[in-house]
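Everything below belongs to work_8.json, which stores JSON, C-alpha atoms.
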```json
[["chain", "number", "residue", "atom", "x", "y", "z"],
["P", 8, "MET", "CA", -4.41, 81.49, -31.75],
["P", 9, "TRP", "CA", -4.56, 80.76, -28.03],
["P", 10, "SER", "CA", -7.83, 82.60, -27.53],
["P", 11, "ALA", "CA", -9.37, 80.82, -30.52],
["P", 12, "LEU", "CA", -8.40, 77.45, -29.02],
["P", 13, "LYS", "CA", -9.78, 78.51, -25.69],
["P", 14, "ARG", "CA", -13.06, 79.52, -27.28],
["P", 15, "LEU", "CA", -13.30, 76.20, -29.14],
["P", 16, "TYR", "CA", -12.69, 74.36, -25.88],
["P", 17, "HIS", "CA", -15.53, 76.18, -24.17],
["P", 18, "GLN", "CA", -17.82, 75.70, -27.14],
["P", 19, "LEU", "CA", -17.08, 71.97, -27.25],
["P", 20, "GLY", "CA", -17.83, 71.85, -23.55],
["P", 21, "SER", "CA", -21.33, 73.16, -24.21],
["P", 22, "PRO", "CA", -23.71, 70.27, -24.95],
["P", 23, "LYS", "CA", -26.06, 72.43, -27.01],
["P", 24, "TRP", "CA", -23.23, 73.72, -29.21],
["P", 25, "PHE", "CA", -21.79, 70.23, -29.62],
["P", 26, "TYR", "CA", -25.23, 68.90, -30.57],
["P", 27, "GLU", "CA", -25.83, 71.56, -33.19],
["P", 28, "ILE", "CA", -22.40, 71.62, -34.78],
["P", 29, "THR", "CA", -22.14, 67.82, -35.07],
["P", 30, "SER", "CA", -25.64, 67.70, -36.58],
["P", 31, "ARG", "CA", -24.28, 69.90, -39.34],
["P", 32, "TRP", "CA", -20.97, 68.05, -39.72],
["P", 33, "SER", "CA", -22.31, 64.49, -39.70],
["P", 34, "PRO", "CA", -23.78, 64.40, -43.25],
["P", 35, "TRP", "CA", -20.44, 65.57, -44.63],
["P", 36, "PHE", "CA", -18.49, 62.91, -42.78],
["P", 37, "LEU", "CA", -21.07, 60.32, -43.83],
["P", 38, "TRP", "CA", -20.94, 61.08, -47.55],
["P", 39, "ILE", "CA", -17.20, 61.65, -47.81],
["P", 40, "GLY", "CA", -16.53, 58.52, -45.77],
["P", 41, "SER", "CA", -18.97, 56.39, -47.78],
["P", 42, "THR", "CA", -17.56, 57.58, -51.11],
["P", 43, "LEU", "CA", -13.97, 56.85, -50.08],
["P", 44, "MET", "CA", -15.00, 53.49, -48.65],
["P", 45, "ILE", "CA", -16.85, 52.35, -51.76],
["P", 46, "ILE", "CA", -14.01, 53.40, -54.08],
["P", 47, "GLY", "CA", -11.39, 51.83, -51.81],
["P", 48, "VAL", "CA", -13.21, 48.52, -51.34],
["P", 49, "VAL", "CA", -14.17, 48.07, -55.01],
["P", 50, "TRP", "CA", -10.63, 48.97, -56.06],
["P", 51, "GLY", "CA", -9.08, 46.69, -53.46],
["P", 52, "LEU", "CA", -11.36, 43.72, -54.14],
["P", 53, "ALA", "CA", -11.62, 43.79, -57.91],
["P", 54, "PHE", "CA", -8.88, 45.93, -59.44],
["P", 55, "ALA", "CA", -5.76, 45.71, -57.28],
["P", 56, "PRO", "CA", -3.36, 42.97, -58.39],
["P", 57, "ALA", "CA", -2.99, 39.84, -56.26],
["P", 58, "ASP", "CA", -0.08, 39.62, -53.85],
["P", 59, "TYR", "CA", 2.77, 37.53, -55.26],
["P", 60, "LEU", "CA", 3.09, 35.56, -52.01],
["P", 61, "GLN", "CA", -0.39, 35.57, -50.47],
["P", 62, "GLY", "CA", -2.48, 35.58, -53.63],
["P", 63, "ASN", "CA", -5.97, 37.03, -53.27],
["P", 64, "SER", "CA", -6.24, 36.51, -49.51],
["P", 65, "PHE", "CA", -4.23, 39.73, -49.10],
["P", 66, "ARG", "CA", -7.42, 41.64, -50.07],
["P", 67, "ILE", "CA", -8.53, 41.18, -46.45],
["P", 68, "ILE", "CA", -6.03, 43.98, -45.72],
["P", 69, "TYR", "CA", -8.63, 46.58, -46.80],
["P", 70, "VAL", "CA", -10.87, 45.74, -43.85],
["P", 71, "HIS", "CA", -8.26, 44.44, -41.41],
["P", 72, "VAL", "CA", -5.74, 47.30, -41.37],
["P", 73, "PRO", "CA", -8.23, 50.22, -41.20],
["P", 74, "ALA", "CA", -10.10, 48.53, -38.32],
["P", 75, "ALA", "CA", -6.88, 47.65, -36.45],
["P", 76, "LEU", "CA", -5.46, 51.14, -36.91],
["P", 77, "LEU", "CA", -8.64, 52.93, -35.89],
["P", 78, "SER", "CA", -9.26, 50.69, -32.88],
["P", 79, "GLN", "CA", -5.91, 51.94, -31.56],
["P", 80, "SER", "CA", -6.45, 55.62, -32.46],
["P", 81, "ALA", "CA", -9.89, 55.43, -30.91],
["P", 82, "TYR", "CA", -8.35, 54.11, -27.72],
["P", 83, "ILE", "CA", -5.94, 57.03, -27.58],
["P", 84, "MET", "CA", -8.86, 59.43, -28.14],
["P", 85, "MET", "CA", -10.79, 57.73, -25.33],
["P", 86, "ALA", "CA", -7.81, 58.00, -22.97],
["P", 87, "VAL", "CA", -7.24, 61.67, -23.86],
["P", 88, "ALA", "CA", -10.95, 62.39, -23.37],
["P", 89, "GLY", "CA", -10.71, 60.75, -19.95],
["P", 90, "LEU", "CA", -7.62, 62.80, -19.07],
["P", 91, "VAL", "CA", -9.29, 66.08, -20.10],
["P", 92, "GLY", "CA", -12.33, 65.08, -18.09],
["P", 93, "LEU", "CA", -10.27, 64.30, -14.99],
["P", 94, "VAL", "CA", -8.03, 67.36, -15.15],
["P", 95, "TRP", "CA", -10.54, 70.06, -16.07],
["P", 96, "ASN", "CA", -13.67, 68.26, -14.90],
["P", 97, "MET", "CA", -15.19, 68.65, -18.38],
["P", 98, "LYS", "CA", -18.47, 66.71, -18.59],
["P", 99, "MET", "CA", -18.66, 66.58, -22.39],
["P", 100, "SER", "CA", -15.22, 65.03, -22.51],
["P", 101, "PHE", "CA", -16.36, 62.13, -20.32],
["P", 102, "VAL", "CA", -19.42, 61.70, -22.52],
["P", 103, "VAL", "CA", -17.28, 61.41, -25.65],
["P", 104, "GLY", "CA", -14.97, 58.92, -23.94],
["P", 105, "LYS", "CA", -17.96, 56.83, -22.91],
["P", 106, "THR", "CA", -19.38, 56.71, -26.45],
["P", 107, "ILE", "CA", -16.02, 55.74, -27.99],
["P", 108, "ALA", "CA", -15.76, 52.52, -25.93],
["P", 109, "PRO", "CA", -18.39, 50.37, -27.72],
["P", 110, "ILE", "CA", -17.28, 51.64, -31.14],
["P", 111, "GLY", "CA", -13.63, 50.91, -30.39],
["P", 112, "ALA", "CA", -14.55, 47.47, -29.12],
["P", 113, "SER", "CA", -16.42, 46.69, -32.35],
["P", 114, "LEU", "CA", -13.38, 47.78, -34.39],
["P", 115, "ALA", "CA", -11.06, 45.62, -32.29],
["P", 116, "ILE", "CA", -13.40, 42.68, -32.93],
["P", 117, "ILE", "CA", -13.23, 43.32, -36.69],
["P", 118, "ALA", "CA", -9.42, 43.45, -36.53],
["P", 119, "LEU", "CA", -9.18, 40.23, -34.49],
["P", 120, "VAL", "CA", -11.72, 38.24, -36.51],
["P", 121, "THR", "CA", -10.49, 39.28, -39.97],
["P", 122, "GLY", "CA", -6.92, 38.74, -38.74],
["P", 123, "ALA", "CA", -7.78, 35.19, -37.71],
["P", 124, "ILE", "CA", -9.49, 34.52, -41.05],
["P", 125, "TRP", "CA", -6.48, 35.97, -42.87],
["P", 126, "GLY", "CA", -4.09, 33.93, -40.73],
["P", 127, "LYS", "CA", -5.60, 30.61, -41.73],
["P", 128, "PRO", "CA", -4.53, 30.59, -45.41],
["P", 129, "THR", "CA", -1.38, 32.65, -44.75],
["P", 130, "TRP", "CA", 0.13, 31.14, -41.60],
["P", 131, "GLY", "CA", -1.87, 27.90, -41.51],
["P", 132, "THR", "CA", -3.45, 28.78, -38.17],
["P", 133, "TRP", "CA", -6.34, 30.95, -36.92],
["P", 134, "TRP", "CA", -4.61, 32.08, -33.78],
["P", 135, "VAL", "CA", -1.26, 32.13, -32.01],
["P", 136, "TRP", "CA", -0.58, 33.56, -28.57],
["P", 137, "ASP", "CA", 2.10, 35.91, -29.79],
["P", 138, "ALA", "CA", 2.69, 39.51, -28.73],
["P", 139, "ARG", "CA", 0.73, 41.29, -31.47],
["P", 140, "LEU", "CA", -2.38, 39.14, -31.30],
["P", 141, "THR", "CA", -2.43, 38.97, -27.52],
["P", 142, "SER", "CA", -1.99, 42.73, -27.09],
["P", 143, "MET", "CA", -4.87, 43.31, -29.55],
["P", 144, "LEU", "CA", -7.03, 40.96, -27.49],
["P", 145, "ILE", "CA", -6.10, 42.97, -24.39],
["P", 146, "LEU", "CA", -7.19, 46.13, -26.24],
["P", 147, "LEU", "CA", -10.63, 44.57, -26.73],
["P", 148, "PHE", "CA", -10.77, 43.66, -23.02],
["P", 149, "LEU", "CA", -9.84, 47.23, -22.05],
["P", 150, "TYR", "CA", -12.72, 48.58, -24.13],
["P", 151, "MET", "CA", -15.05, 46.03, -22.56],
["P", 152, "GLY", "CA", -13.74, 47.03, -19.14],
["P", 153, "VAL", "CA", -14.70, 50.67, -19.74],
["P", 154, "MET", "CA", -18.16, 49.59, -20.93],
["P", 155, "ALA", "CA", -18.55, 47.33, -17.89],
["P", 156, "ILE", "CA", -17.68, 50.20, -15.55],
["P", 157, "TYR", "CA", -20.45, 52.35, -17.03],
["P", 158, "ASN", "CA", -22.90, 49.46, -16.76],
["P", 159, "ALA", "CA", -21.96, 48.56, -13.21],
["P", 160, "ILE", "CA", -21.41, 51.87, -11.42],
["P", 161, "GLU", "CA", -24.58, 53.81, -10.86],
["P", 162, "SER", "CA", -23.06, 57.11, -9.77],
["P", 163, "GLU", "CA", -22.16, 58.93, -12.96],
["P", 164, "GLU", "CA", -19.31, 60.83, -11.38],
["P", 165, "MET", "CA", -17.72, 57.65, -10.01],
["P", 166, "ALA", "CA", -18.18, 55.82, -13.30],
["P", 167, "ASN", "CA", -16.58, 58.66, -15.26],
["P", 168, "LYS", "CA", -13.55, 58.73, -13.00],
["P", 169, "ALA", "CA", -13.10, 54.95, -12.86],
["P", 170, "ALA", "CA", -13.48, 54.61, -16.64],
["P", 171, "ALA", "CA", -11.01, 57.44, -17.29],
["P", 172, "VAL", "CA", -8.43, 55.93, -14.94],
["P", 173, "LEU", "CA", -8.80, 52.50, -16.58],
["P", 174, "ALA", "CA", -8.48, 54.07, -20.04],
["P", 175, "LEU", "CA", -5.33, 55.94, -19.00],
["P", 176, "VAL", "CA", -3.66, 52.99, -17.30],
["P", 177, "GLY", "CA", -4.53, 50.77, -20.27],
["P", 178, "SER", "CA", -2.94, 53.15, -22.76],
["P", 179, "ILE", "CA", 0.40, 51.48, -21.92],
["P", 180, "ASN", "CA", -0.91, 48.70, -24.19],
["P", 181, "ILE", "CA", -0.90, 50.94, -27.28],
["P", 182, "PRO", "CA", 2.91, 51.17, -27.74],
["P", 183, "ILE", "CA", 3.08, 47.46, -26.92],
["P", 184, "ILE", "CA", 0.72, 46.71, -29.84],
["P", 185, "LYS", "CA", 2.67, 49.02, -32.11],
["P", 186, "TYR", "CA", 6.14, 47.70, -31.37],
["P", 187, "SER", "CA", 5.15, 44.07, -30.71],
["P", 188, "VAL", "CA", 6.12, 43.12, -34.25],
["P", 189, "GLU", "CA", 9.59, 44.58, -33.75],
["P", 190, "TRP", "CA", 10.36, 43.60, -30.15],
["P", 191, "TRP", "CA", 9.26, 39.97, -30.30],
["P", 192, "ASN", "CA", 9.34, 37.19, -32.81],
["P", 193, "THR", "CA", 5.92, 36.96, -34.34],
["P", 194, "LEU", "CA", 4.06, 35.50, -37.26],
["P", 195, "HIS", "CA", 2.51, 38.91, -37.86],
["P", 196, "GLN", "CA", 4.03, 40.90, -40.69],
["P", 197, "PRO", "CA", 5.57, 44.31, -39.89],
["P", 198, "ALA", "CA", 3.60, 47.51, -40.29],
["P", 199, "THR", "CA", 2.15, 48.05, -43.75],
["P", 200, "ILE", "CA", 2.00, 51.80, -43.36],
["P", 201, "THR", "CA", 4.53, 54.06, -41.73],
["P", 202, "LEU", "CA", 4.47, 57.82, -41.85],
["P", 203, "THR", "CA", 8.23, 58.10, -42.09],
["P", 204, "LYS", "CA", 9.04, 55.63, -44.87],
["P", 205, "LYS", "CA", 7.87, 55.25, -48.41],
["P", 206, "PRO", "CA", 5.27, 52.50, -48.79],
["P", 207, "THR", "CA", 6.70, 49.13, -49.78],
["P", 208, "MET", "CA", 3.41, 48.22, -51.46],
["P", 209, "ALA", "CA", 2.68, 48.96, -55.09],
["P", 210, "PRO", "CA", 0.61, 52.17, -55.46],
["P", 211, "GLU", "CA", -2.35, 50.29, -56.99],
["P", 212, "MET", "CA", -2.51, 48.25, -53.77],
["P", 213, "PHE", "CA", -1.59, 51.08, -51.44],
["P", 214, "ILE", "CA", -3.94, 53.88, -52.57],
["P", 215, "PRO", "CA", -7.16, 51.90, -51.95],
["P", 216, "LEU", "CA", -5.85, 51.10, -48.46],
["P", 217, "VAL", "CA", -5.37, 54.80, -47.74],
["P", 218, "LEU", "CA", -8.91, 55.48, -49.02],
["P", 219, "THR", "CA", -10.48, 52.84, -46.77],
["P", 220, "ILE", "CA", -8.52, 54.14, -43.76],
["P", 221, "ILE", "CA", -9.68, 57.74, -44.26],
["P", 222, "GLY", "CA", -13.19, 56.49, -45.02],
["P", 223, "LEU", "CA", -13.34, 54.55, -41.77],
["P", 224, "TYR", "CA", -12.11, 57.59, -39.82],
["P", 225, "CYS", "CA", -15.01, 59.58, -41.30],
["P", 226, "TRP", "CA", -17.52, 56.88, -40.37],
["P", 227, "PHE", "CA", -16.04, 56.72, -36.89],
["P", 228, "ALA", "CA", -16.74, 60.44, -36.50],
["P", 229, "VAL", "CA", -20.36, 59.86, -37.58],
["P", 230, "TRP", "CA", -20.78, 57.09, -34.99],
["P", 231, "VAL", "CA", -19.21, 59.07, -32.14],
["P", 232, "PHE", "CA", -21.29, 62.14, -32.99],
["P", 233, "ALA", "CA", -24.54, 60.16, -33.21],
["P", 234, "ARG", "CA", -24.01, 58.38, -29.88],
["P", 235, "THR", "CA", -22.87, 61.56, -28.16],
["P", 236, "ARG", "CA", -25.93, 63.45, -29.42],
["P", 237, "ASN", "CA", -28.16, 60.74, -27.91],
["P", 238, "GLU", "CA", -26.40, 61.16, -24.56],
["P", 239, "ILE", "CA", -26.78, 64.94, -24.78],
["P", 240, "LEU", "CA", -30.51, 64.74, -25.54],
["P", 241, "TRP", "CA", -31.12, 62.60, -22.48],
["P", 242, "ARG", "CA", -28.92, 64.63, -20.12],
["P", 243, "GLU", "CA", -30.42, 67.92, -21.29],
["P", 244, "ARG", "CA", -34.00, 66.65, -21.45],
["P", 245, "ARG", "CA", -35.22, 69.22, -18.94],
["P", 246, "THR", "CA", -33.70, 72.20, -20.75],
["P", 247, "LYS", "CA", -35.65, 74.59, -22.92],
["P", 248, "TRP", "CA", -33.65, 73.95, -26.07],
["P", 249, "VAL", "CA", -34.23, 70.19, -26.04],
["P", 250, "LYS", "CA", -37.95, 70.66, -25.37],
["P", 251, "SER", "CA", -38.36, 73.14, -28.20],
["P", 252, "LEU", "CA", -36.26, 70.93, -30.48],
["P", 253, "LEU", "CA", -38.63, 68.01, -29.88],
["P", 254, "ASN", "CA", -41.74, 70.20, -30.06],
["P", 255, "THR", "CA", -40.91, 71.44, -33.54],
["P", 256, "GLY", "CA", -40.80, 67.77, -34.50],
["P", 257, "ALA", "CA", -38.18, 68.44, -37.13],
["P", 258, "ASN", "CA", -35.75, 65.99, -35.63],
["P", 259, "HIS", "CA", -37.63, 62.72, -35.69],
["T", 21, "MET", "CA", -10.46, 44.61, -63.51],
["T", 22, "PHE", "CA", -7.95, 42.09, -62.19],
["T", 23, "PHE", "CA", -10.19, 39.05, -62.69],
["T", 24, "ASP", "CA", -11.23, 37.61, -66.05],
["T", 25, "SER", "CA", -14.76, 36.68, -65.01],
["T", 26, "PHE", "CA", -17.24, 37.16, -62.20],
["T", 27, "THR", "CA", -16.84, 33.52, -61.17],
["T", 28, "GLU", "CA", -13.12, 34.04, -60.77],
["T", 29, "PHE", "CA", -13.82, 37.18, -58.76],
["T", 30, "LEU", "CA", -15.98, 35.15, -56.37],
["T", 31, "HIS", "CA", -13.47, 32.32, -56.26],
["T", 32, "MET", "CA", -10.53, 34.65, -55.39],
["T", 33, "GLY", "CA", -7.99, 32.07, -56.56],
["T", 34, "GLY", "CA", -9.17, 29.59, -53.92],
["T", 35, "HIS", "CA", -9.28, 32.18, -51.11],
["T", 36, "GLY", "CA", -12.90, 33.18, -51.72],
["T", 37, "LEU", "CA", -14.19, 31.78, -48.44],
["T", 38, "PHE", "CA", -11.63, 33.71, -46.39],
["T", 39, "VAL", "CA", -12.01, 36.98, -48.27],
["T", 40, "TRP", "CA", -15.82, 37.00, -48.35],
["T", 41, "LEU", "CA", -16.14, 35.83, -44.77],
["T", 42, "SER", "CA", -13.92, 38.73, -43.63],
["T", 43, "TYR", "CA", -15.86, 41.28, -45.63],
["T", 44, "GLY", "CA", -19.21, 39.83, -44.55],
["T", 45, "ILE", "CA", -18.43, 39.99, -40.83],
["T", 46, "THR", "CA", -16.99, 43.50, -41.21],
["T", 47, "CYS", "CA", -20.17, 44.62, -43.02],
["T", 48, "LEU", "CA", -22.38, 43.30, -40.23],
["T", 49, "ILE", "CA", -20.41, 45.04, -37.47],
["T", 50, "ILE", "CA", -20.27, 48.30, -39.43],
["T", 51, "ALA", "CA", -24.01, 48.15, -40.10],
["T", 52, "GLN", "CA", -24.57, 47.65, -36.39],
["T", 53, "ASN", "CA", -22.52, 50.79, -35.67],
["T", 54, "PHE", "CA", -24.77, 52.78, -37.99],
["T", 55, "ILE", "CA", -28.08, 51.31, -36.81],
["T", 56, "ALA", "CA", -27.57, 51.21, -33.03],
["T", 57, "PRO", "CA", -27.45, 55.01, -32.44],
["T", 58, "VAL", "CA", -30.53, 55.54, -34.67],
["T", 59, "LEU", "CA", -32.55, 53.09, -32.56],
["T", 60, "THR", "CA", -31.27, 54.64, -29.33],
["T", 61, "ARG", "CA", -32.23, 58.09, -30.60],
["T", 62, "LYS", "CA", -35.80, 56.98, -31.29],
["T", 63, "LYS", "CA", -36.06, 55.50, -27.81],
["T", 64, "VAL", "CA", -34.56, 58.59, -26.13],
["T", 65, "ILE", "CA", -36.95, 60.92, -27.97],
["T", 66, "LYS", "CA", -39.93, 58.74, -27.07],
["T", 67, "ASP", "CA", -38.90, 58.70, -23.40],
["T", 68, "ILE", "CA", -38.45, 62.47, -23.27],
["T", 69, "GLU", "CA", -41.79, 63.10, -24.97],
["T", 70, "ARG", "CA", -43.55, 60.79, -22.53],
["T", 71, "GLN", "CA", -41.99, 62.71, -19.69],
["T", 72, "MET", "CA", -43.01, 66.07, -21.23],
["T", 73, "ARG", "CA", -46.62, 64.91, -21.57],
["T", 74, "ARG", "CA", -46.64, 63.78, -17.95],
["T", 75, "GLU", "CA", -45.39, 67.18, -16.84],
["T", 76, "GLN", "CA", -48.05, 69.03, -18.85],
["T", 77, "LYS", "CA", -50.91, 67.24, -17.09]]
```

Structure re-expressed in C-alpha cells:
Amino acid sequence: MWSALKRLYHQLGSPKWFYEITSRWSPWFLWIGSTLMIIGVVWGLAFAPADYLQGNSFRIIYVHVPAALLSQSAYIMMAVAGLVGLVWNMKMSFVVGKTIAPIGASLAIIALVTGAIWGKPTWGTWWVWDARLTSMLILLFLYMGVMAIYNAIESEEMANKAAAVLALVGSINIPIIKYSVEWWNTLHQPATITLTKKPTMAPEMFIPLVLTIIGLYCWFAVWVFARTRNEILWRERRTKWVKSLLNTGANH
Amino acid sequence: MFFDSFTEFLHMGGHGLFVWLSYGITCLIIAQNFIAPVLTRKKVIKDIERQMRREQK
C-alpha cells in the first residue's frame, strides 16, 4: 500500500507521465461529466417539481450549489497542492495549484452571480453584506490574489512560494464559509446537502442536484488537466519527448 | 414533464428571467473554461514549433 502510494507520488511528479496519463483520462471525464450534466440539468429544469415556497426560481440551485461547492473544494485542492509544493519542493504540485486558481475564480463568480439572481425573487434583494455572501466574495478575491501573484512576480520560484503561502493562509476562509449560515444570522438558507444527514429535499429534486455536482467535478478535472498539460508542454519544450510529440503532429 | 406547455416552461411561473439569466451566465463561464485551454494549447504549440525551426537553421 505504502510503496504503491509512493510510486504514484513520484509518477505524478513526472511531467511526462502526468501529461500522458491525463491525456488518456480526459475523454472519460469529459463524456461522463457531460452525460451527468445534461441529465441533471434537463431533469432539474423541466421535470423536477416546483418548490412549494420558492416556486420555479429554486431551479437555479442546479447551477448555484455545484459551482459554490466546487469553488470551495477547488480552493482546498489548491491549498493542499501549495503545501505539497512547499514541503517536498514538488514542481508539478505548484503547477496544478497555479492552474486551479482561474478555474476556481470562475466557479466562485458563477456562485456569486447566480446567488444574487436567485436572491432577488427569494429575498427581495440582490445582495446583503452577511457572513455567507461576504466570505464567498473573499474566496473570489483569494483566487484573484493567487492569479495576481503569478502575473506580477517574474521569478517562478518566488511566485510559487508566495502563491502557496497565500492559498494556505486563505484556507481559514473555507470553514468560515461553511459554518457562516450556522454561526451568524443570515438570509442564506442552511446547507442543502450534508454527508451525515438524510436529504430534506424530495428525491426527484435531490437526485438531479447530485448528478450536476458529480458532473461539474468531472468537468473540473478536464479543465485542470488541460491547463496543466499546456504548462507542461511549455516547461518541457526543450526535452526530447515534447519535440517528438510535436514532430509526429498527432497532437494538433 | 412538470410544465404543461413549452411557453410555461420558458415562463417558469413568472421566474423565467431569473432562471434563464442564471443558466445563461453559467453556460458562458463554463464554455470559457472549455475554450481557453484549447486556445492556449494552440499558441503554445505554435511557439514551440517556431523555436524548433529557429534551432534547426

Nearest residue to chain T from the set P:Leu93, P:Met44, P:Val72, P:Ile124 (distances using only C-alpha atoms): P:Ile124

9 Å contacts from chain T to chain P using only C-alpha atoms, as a CSV table (one decimal) with C-alpha atoms, in the frame of the given file:
```
chain,number,residue,atom,x,y,z
T,21,MET,CA,-10.5,44.6,-63.5
T,22,PHE,CA,-8.0,42.1,-62.2
T,23,PHE,CA,-10.2,39.0,-62.7
T,29,PHE,CA,-13.8,37.2,-58.8
T,32,MET,CA,-10.5,34.6,-55.4
T,33,GLY,CA,-8.0,32.1,-56.6
T,34,GLY,CA,-9.2,29.6,-53.9
T,35,HIS,CA,-9.3,32.2,-51.1
T,36,GLY,CA,-12.9,33.2,-51.7
T,38,PHE,CA,-11.6,33.7,-46.4
T,39,VAL,CA,-12.0,37.0,-48.3
T,40,TRP,CA,-15.8,37.0,-48.4
T,41,LEU,CA,-16.1,35.8,-44.8
T,42,SER,CA,-13.9,38.7,-43.6
T,43,TYR,CA,-15.9,41.3,-45.6
T,45,ILE,CA,-18.4,40.0,-40.8
T,46,THR,CA,-17.0,43.5,-41.2
T,49,ILE,CA,-20.4,45.0,-37.5
T,50,ILE,CA,-20.3,48.3,-39.4
T,53,ASN,CA,-22.5,50.8,-35.7
T,54,PHE,CA,-24.8,52.8,-38.0
T,56,ALA,CA,-27.6,51.2,-33.0
T,57,PRO,CA,-27.4,55.0,-32.4
T,58,VAL,CA,-30.5,55.5,-34.7
T,60,THR,CA,-31.3,54.6,-29.3
T,61,ARG,CA,-32.2,58.1,-30.6
T,62,LYS,CA,-35.8,57.0,-31.3
T,64,VAL,CA,-34.6,58.6,-26.1
T,65,ILE,CA,-37.0,60.9,-28.0
T,67,ASP,CA,-38.9,58.7,-23.4
T,68,ILE,CA,-38.4,62.5,-23.3
T,69,GLU,CA,-41.8,63.1,-25.0
T,72,MET,CA,-43.0,66.1,-21.2
```

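What separates atom CA of P:Thr201 from atom CA of P:Tyr224 is a distance of 17.1 Å.
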
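Here atom CA of P:Pro73 and atom CA of P:Trp191 stand 23.0 Å from one another.
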
Between atom CA of P:Asn96 and atom CA of P:Phe25 - distance in Å to one decimal: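 Answer for the atom CA of P:Phe25 to atom CA of P:Asn96 separation: 16.9 Å.
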
Complete the atoms of stretch 49-64 of chain T to N, CA and C atoms and put them out as an mmCIF file, in the frame of the given file.
```
data_model
loop_
_atom_site.group_PDB
_atom_site.id
_atom_site.type_symbol
_atom_site.label_atom_id
_atom_site.label_comp_id
_atom_site.auth_asym_id
_atom_site.auth_seq_id
_atom_site.Cartn_x
_atom_site.Cartn_y
_atom_site.Cartn_z
ATOM 1 N N ILE T 49 -20.789 44.228 -38.644
ATOM 2 C CA ILE T 49 -20.410 45.040 -37.470
ATOM 3 C C ILE T 49 -20.525 46.525 -37.805
ATOM 4 N N ILE T 50 -20.160 46.895 -39.036
ATOM 5 C CA ILE T 50 -20.270 48.300 -39.430
ATOM 6 C C ILE T 50 -21.736 48.722 -39.498
ATOM 7 N N ALA T 51 -22.577 47.845 -40.043
ATOM 8 C CA ALA T 51 -24.010 48.150 -40.100
ATOM 9 C C ALA T 51 -24.555 48.368 -38.690
ATOM 10 N N GLN T 52 -24.113 47.524 -37.773
ATOM 11 C CA GLN T 52 -24.570 47.650 -36.390
ATOM 12 C C GLN T 52 -24.172 49.019 -35.818
ATOM 13 N N ASN T 53 -22.970 49.477 -36.155
ATOM 14 C CA ASN T 53 -22.520 50.790 -35.670
ATOM 15 C C ASN T 53 -23.362 51.931 -36.217
ATOM 16 N N PHE T 54 -23.901 51.741 -37.427
ATOM 17 C CA PHE T 54 -24.770 52.780 -37.990
ATOM 18 C C PHE T 54 -26.179 52.704 -37.398
ATOM 19 N N ILE T 55 -26.674 51.475 -37.209
ATOM 20 C CA ILE T 55 -28.080 51.310 -36.810
ATOM 21 C C ILE T 55 -28.292 51.594 -35.321
ATOM 22 N N ALA T 56 -27.367 51.111 -34.476
ATOM 23 C CA ALA T 56 -27.570 51.210 -33.030
ATOM 24 C C ALA T 56 -27.901 52.637 -32.551
ATOM 25 N N PRO T 57 -27.119 53.666 -32.951
ATOM 26 C CA PRO T 57 -27.450 55.010 -32.440
ATOM 27 C C PRO T 57 -28.787 55.535 -32.954
ATOM 28 N N VAL T 58 -29.226 55.095 -34.154
ATOM 29 C CA VAL T 58 -30.530 55.540 -34.670
ATOM 30 C C VAL T 58 -31.650 54.989 -33.801
ATOM 31 N N LEU T 59 -31.530 53.700 -33.422
ATOM 32 C CA LEU T 59 -32.550 53.090 -32.560
ATOM 33 C C LEU T 59 -32.556 53.746 -31.180
ATOM 34 N N THR T 60 -31.353 53.987 -30.640
ATOM 35 C CA THR T 60 -31.270 54.640 -29.330
ATOM 36 C C THR T 60 -31.927 56.001 -29.384
ATOM 37 N N ARG T 61 -31.670 56.738 -30.463
ATOM 38 C CA ARG T 61 -32.230 58.090 -30.600
ATOM 39 C C ARG T 61 -33.756 58.044 -30.556
ATOM 40 N N LYS T 62 -34.342 57.094 -31.290
ATOM 41 C CA LYS T 62 -35.800 56.980 -31.290
ATOM 42 C C LYS T 62 -36.327 56.741 -29.882
ATOM 43 N N LYS T 63 -35.624 55.845 -29.165
ATOM 44 C CA LYS T 63 -36.060 55.500 -27.810
ATOM 45 C C LYS T 63 -35.915 56.719 -26.883
ATOM 46 N N VAL T 64 -34.790 57.426 -26.999
ATOM 47 C CA VAL T 64 -34.560 58.590 -26.130
ATOM 48 C C VAL T 64 -35.636 59.639 -26.375
#
```
